[in-house]
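K.L.:
As input, take entry21.tsv (TSV, C-alpha atoms and all ligand atoms):
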```tsv
chain	number	residue	atom	x	y	z
J	132	MET	CA	10.06	-21.60	-8.79
J	133	LEU	CA	10.45	-19.03	-11.50
J	134	TYR	CA	12.40	-19.53	-14.69
J	135	CYS	CA	14.79	-17.12	-16.40
J	136	CYS	CA	18.23	-17.18	-18.00
J	137	ASN	CA	18.20	-20.96	-18.35
J	138	GLY	CA	17.67	-21.48	-14.65
J	139	TYR	CA	15.11	-21.62	-11.88
J	140	PHE	CA	15.07	-19.36	-8.83
J	141	SER	CA	12.82	-18.93	-5.80
J	142	ALA	CA	10.13	-16.29	-5.81
J	143	GLU	CA	10.65	-13.34	-3.49
J	144	ARG	CA	6.95	-13.03	-2.88
J	145	ASN	CA	4.21	-15.64	-2.78
J	146	LEU	CA	0.67	-14.33	-2.73
J	147	ARG	CA	-2.17	-16.71	-2.01
J	148	LEU	CA	-5.00	-16.05	-4.45
J	149	TYR	CA	-8.68	-16.78	-4.05
J	150	ASP	CA	-9.96	-19.83	-5.86
J	151	ASN	CA	-11.81	-19.02	-9.03
J	152	THR	CA	-14.42	-21.03	-10.88
J	153	THR	CA	-11.90	-23.21	-12.67
J	154	HIS	CA	-8.81	-23.30	-10.46
J	155	LYS	CA	-7.89	-23.67	-6.79
J	156	ASN	CA	-4.80	-23.55	-4.56
J	157	ARG	CA	-3.60	-20.59	-6.54
J	158	VAL	CA	-0.34	-18.86	-5.66
J	159	LEU	CA	1.06	-15.81	-7.39
J	160	GLU	CA	4.85	-16.01	-7.45
J	161	ILE	CA	6.86	-12.86	-8.01
J	162	GLY	CA	10.62	-12.66	-8.15
J	163	GLN	CA	13.59	-11.04	-9.75
J	164	CYS	CA	16.03	-13.02	-11.84
J	165	PRO	CA	19.35	-13.06	-9.95
J	166	LYS	CA	21.22	-12.89	-13.25
J	167	CYS	CA	19.53	-10.38	-15.52
J	168	LYS	CA	17.37	-8.68	-12.84
J	169	ALA	CA	14.21	-9.13	-14.90
J	170	LEU	CA	10.97	-9.22	-12.96
J	171	LYS	CA	9.27	-12.58	-13.32
J	172	VAL	CA	5.81	-13.70	-12.32
J	173	GLN	CA	3.62	-16.76	-12.59
J	174	ILE	CA	0.57	-18.31	-11.03
J	175	LYS	CA	0.73	-21.85	-9.75
J	176	GLN	CA	-2.70	-23.41	-9.64
J	177	TYR	CA	-4.65	-26.63	-9.82
J	178	ARG	CA	-7.55	-27.26	-12.14
J	179	ILE	CA	-10.67	-28.07	-10.15
J	180	SER	CA	-12.12	-30.44	-12.75
J	181	ASP	CA	-9.27	-32.95	-12.61
J	182	GLY	CA	-6.80	-31.61	-10.03
J	183	LYS	CA	-4.13	-31.13	-12.67
J	184	TYR	CA	-1.32	-28.69	-11.84
J	185	CYS	CA	-0.80	-25.84	-14.25
J	186	GLU	CA	0.90	-22.50	-14.46
J	187	ARG	CA	-0.14	-19.20	-15.89
J	188	LYS	CA	2.29	-16.47	-16.82
J	189	PRO	CA	2.43	-13.38	-18.99
J	190	LYS	CA	3.36	-14.08	-22.59
J	191	LYS	CA	5.67	-11.11	-22.96
J	192	SER	CA	8.04	-9.46	-20.51
J	193	LYS	CA	6.35	-6.12	-21.03
J	194	ASP	CA	3.14	-7.62	-19.68
J	195	VAL	CA	4.68	-8.60	-16.35
J	196	ALA	CA	3.71	-5.46	-14.46
J	197	LYS	CA	0.17	-5.58	-15.80
J	198	PHE	CA	-0.08	-9.25	-14.88
J	199	ILE	CA	1.00	-8.55	-11.30
J	200	ARG	CA	-1.41	-5.64	-10.90
J	201	LYS	CA	-4.26	-7.72	-12.23
J	202	PHE	CA	-3.74	-10.78	-10.07
J	203	GLU	CA	-2.51	-9.26	-6.83
J	204	LYS	CA	-6.05	-7.93	-6.48
J	205	GLU	CA	-7.12	-11.54	-6.03
J	206	ALA	CA	-4.65	-12.12	-3.22
J	207	TYR	CA	-5.90	-12.53	0.30
J	208	TYR	CA	-2.66	-13.07	2.11
J	209	GLU	CA	1.02	-13.18	1.52
J	210	ILE	CA	2.95	-16.30	2.39
J	211	PRO	CA	5.83	-15.03	4.52
J	212	ASP	CA	9.28	-15.56	3.14
J	213	LEU	CA	11.10	-17.31	5.93
J	214	ARG	CA	14.37	-16.85	4.16
J	215	VAL	CA	14.34	-13.11	4.79
J	216	LYS	CA	17.19	-12.33	7.10
J	217	ASN	CA	16.98	-8.60	7.58
J	218	GLY	CA	13.89	-7.09	9.10
J	219	SER	CA	10.24	-7.94	8.90
J	220	LEU	CA	7.89	-8.15	5.97
J	221	SER	CA	6.89	-4.54	6.45
J	222	ASN	CA	10.32	-3.23	5.60
J	223	MET	CA	11.39	-5.67	2.94
J	224	GLY	CA	11.32	-2.78	0.54
J	225	TRP	CA	9.58	-4.65	-2.20
J	226	ARG	CA	8.83	-2.48	-5.19
J	227	TYR	CA	6.71	-3.14	-8.19
J	228	ALA	CA	5.89	-1.43	-11.42
J	229	ASP	CA	3.78	1.67	-11.73
J	230	ALA	CA	3.07	2.29	-8.09
J	231	SER	CA	1.61	5.72	-8.17
J	232	LYS	CA	-0.87	4.40	-5.70
J	233	SER	CA	-0.30	1.96	-2.92
J	234	LEU	CA	-2.40	-1.10	-2.37
J	235	TRP	CA	-3.37	-2.79	0.81
J	236	VAL	CA	-3.74	-6.51	0.91
J	237	LYS	CA	-6.62	-7.41	3.18
J	238	ASP	CA	-7.76	-10.56	4.89
J	239	PHE	CA	-11.24	-12.04	4.95
J	240	ASN	CA	-12.40	-9.50	7.54
J	241	ASN	CA	-11.23	-6.68	5.34
J	242	VAL	CA	-8.46	-5.88	7.80
J	243	ARG	CA	-5.37	-4.37	6.31
J	244	GLN	CA	-2.49	-6.81	6.45
J	245	PHE	CA	0.31	-5.14	4.61
J	246	LYS	CA	0.85	-2.64	1.92
J	247	LEU	CA	2.12	-3.02	-1.59
J	248	SER	CA	3.85	0.13	-2.60
J	249	LYS	CA	6.69	1.89	-4.36
J	250	GLU	CA	7.87	1.31	-7.82
J	251	TYR	CA	9.74	-1.39	-9.52
J	252	LYS	CA	11.70	-1.05	-12.70
J	253	VAL	CA	10.72	-3.77	-15.11
J	254	ILE	CA	13.57	-4.82	-17.30
J	255	GLY	CA	12.37	-6.68	-20.30
G	1	ZN	ZN	17.15	-13.58	-16.30
```
Take the structure from the file and write it as C-alpha cells.
Ligand SMILES: [Zn+2]
P.N.:
Amino acid sequence: MLYCCNGYFSAERNLRLYDNTTHKNRVLEIGQCPKCKALKVQIKQYRISDGKYCERKPKKSKDVAKFIRKFEKEAYYEIPDLRVKNGSLSNMGWRYADASKSLWVKDFNNVRQFKLSKEYKVIG
C-alpha cells in the first residue's frame, strides 16, 4: 500500500525486483494518489540478514520519476493487477515520467514480456 494525503491506497503496478545483496522479496509499488493525483512509489523488501520487513522510497516528490526509472531496471516481471476491469495489461495505458524511450521488461530468458512506455506527469 502506498501512502498519500493522510491515507493508504493500492498500487496500480507491482514490479517484482531481483534480490540484491542485502534484500530479498523486493516489490516496486507504483501508484497514483486518488486524491491529489501525485505519483507515489516505494519498494517493499525484506532484509536478508534478519528477515526484517522494510520499505524504501524517494525522499522528495521530485525524485519519484528518477526512483522509478532506476528501480524498474531491476524488475523481472510485473505482478498482474487482477482488479483491472477493462482490457489486458498491454492496453492499461500506464504512463510514467520522461518516457522519450520505451523500455521492455524481460524475463529470465531475456524474452520481452511487456513494454513500459509513454509519459506520466509527476505532480509534486
Ligand atoms: Zn495525495
K.L.:
Please find the residues contacting ligand ZN 1 (chain G) at a distance of at most 10 Å between atoms, with only C-alpha atoms and all ligand atoms counted, and report them as a list in words.
P.N.:
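Checked against 10 Å with only C-alpha atoms and all ligand atoms; the hits are Leu133, Tyr134, Cys135, Cys136, Asn137, Gly138, Tyr139, Phe140, Gln163, Cys164, Pro165, Lys166, Cys167, Lys168, Ala169, Leu170, Lys171, Ile254 and Gly255 of chain J.
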K.L.:
Which one is closest to Lys183 in chain J: J:Lys155, J:Asn145, J:Arg200, J:Ile210? Count all atoms listed in the file.
P.N.:
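That would be J:Lys155, the residue with the smallest distance to Lys183 in chain J.
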K.L.:
Interatomic distance between CA of Ile174 in chain J and CA of Glu209 in chain J?
P.N.:
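Computed distance, CA of Ile174 in chain J to CA of Glu209 in chain J, equals 13.6 Å.
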K.L.:
For Lys175 in chain J, which residue out of J:Ala142, J:Tyr207, J:Val195, J:Thr152 is the nearest one, using only C-alpha atoms?
P.N.:
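So, comparing all the options, the nearest one is J:Ala142.
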K.L.:
Could you check which of J:His154, J:Lys191, J:Arg144, J:Lys197 is closest to Arg178 in chain J, using all atoms listed in the file?
P.N.:
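Closest to Arg178 in chain J, using all atoms listed in the file: J:His154.
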K.L.:
Which residue is closest to Thr153 in chain J? Choose from J:Tyr177, J:Tyr208, J:Lys193, J:Lys188 and count all atoms listed in the file.
P.N.:
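That would be J:Tyr177, the residue with the smallest distance to Thr153 in chain J.
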K.L.:
Taking all atoms listed in the file into account, which of J:Ala196, J:Gln176, J:Pro211, J:Gly162 comes nearest Leu148 in chain J?
P.N.:
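For Leu148 in chain J, the nearest of the candidates is J:Gln176.
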K.L.:
Please determine, counting all atoms listed in the file, which residue among J:Ser180, J:Asn151, J:Met132, J:Glu143 has the shortest atom-to-atom distance to Phe202 in chain J.
P.N.:
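Smallest distance to Phe202 in chain J is found for J:Asn151.
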K.L.:
Could you please determine the separation between CA of Ser192 in chain J and CA of Arg147 in chain J in Å, to one decimal place?
P.N.:
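Taking CA of Ser192 in chain J and CA of Arg147 in chain J, their separation equals 22.3 Å.
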K.L.:
In Å, how far is it from CA of Gln173 in chain J to CA of Pro189 in chain J?
P.N.:
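Interatomic distance, CA of Gln173 in chain J to CA of Pro189 in chain J: 7.3 Å.
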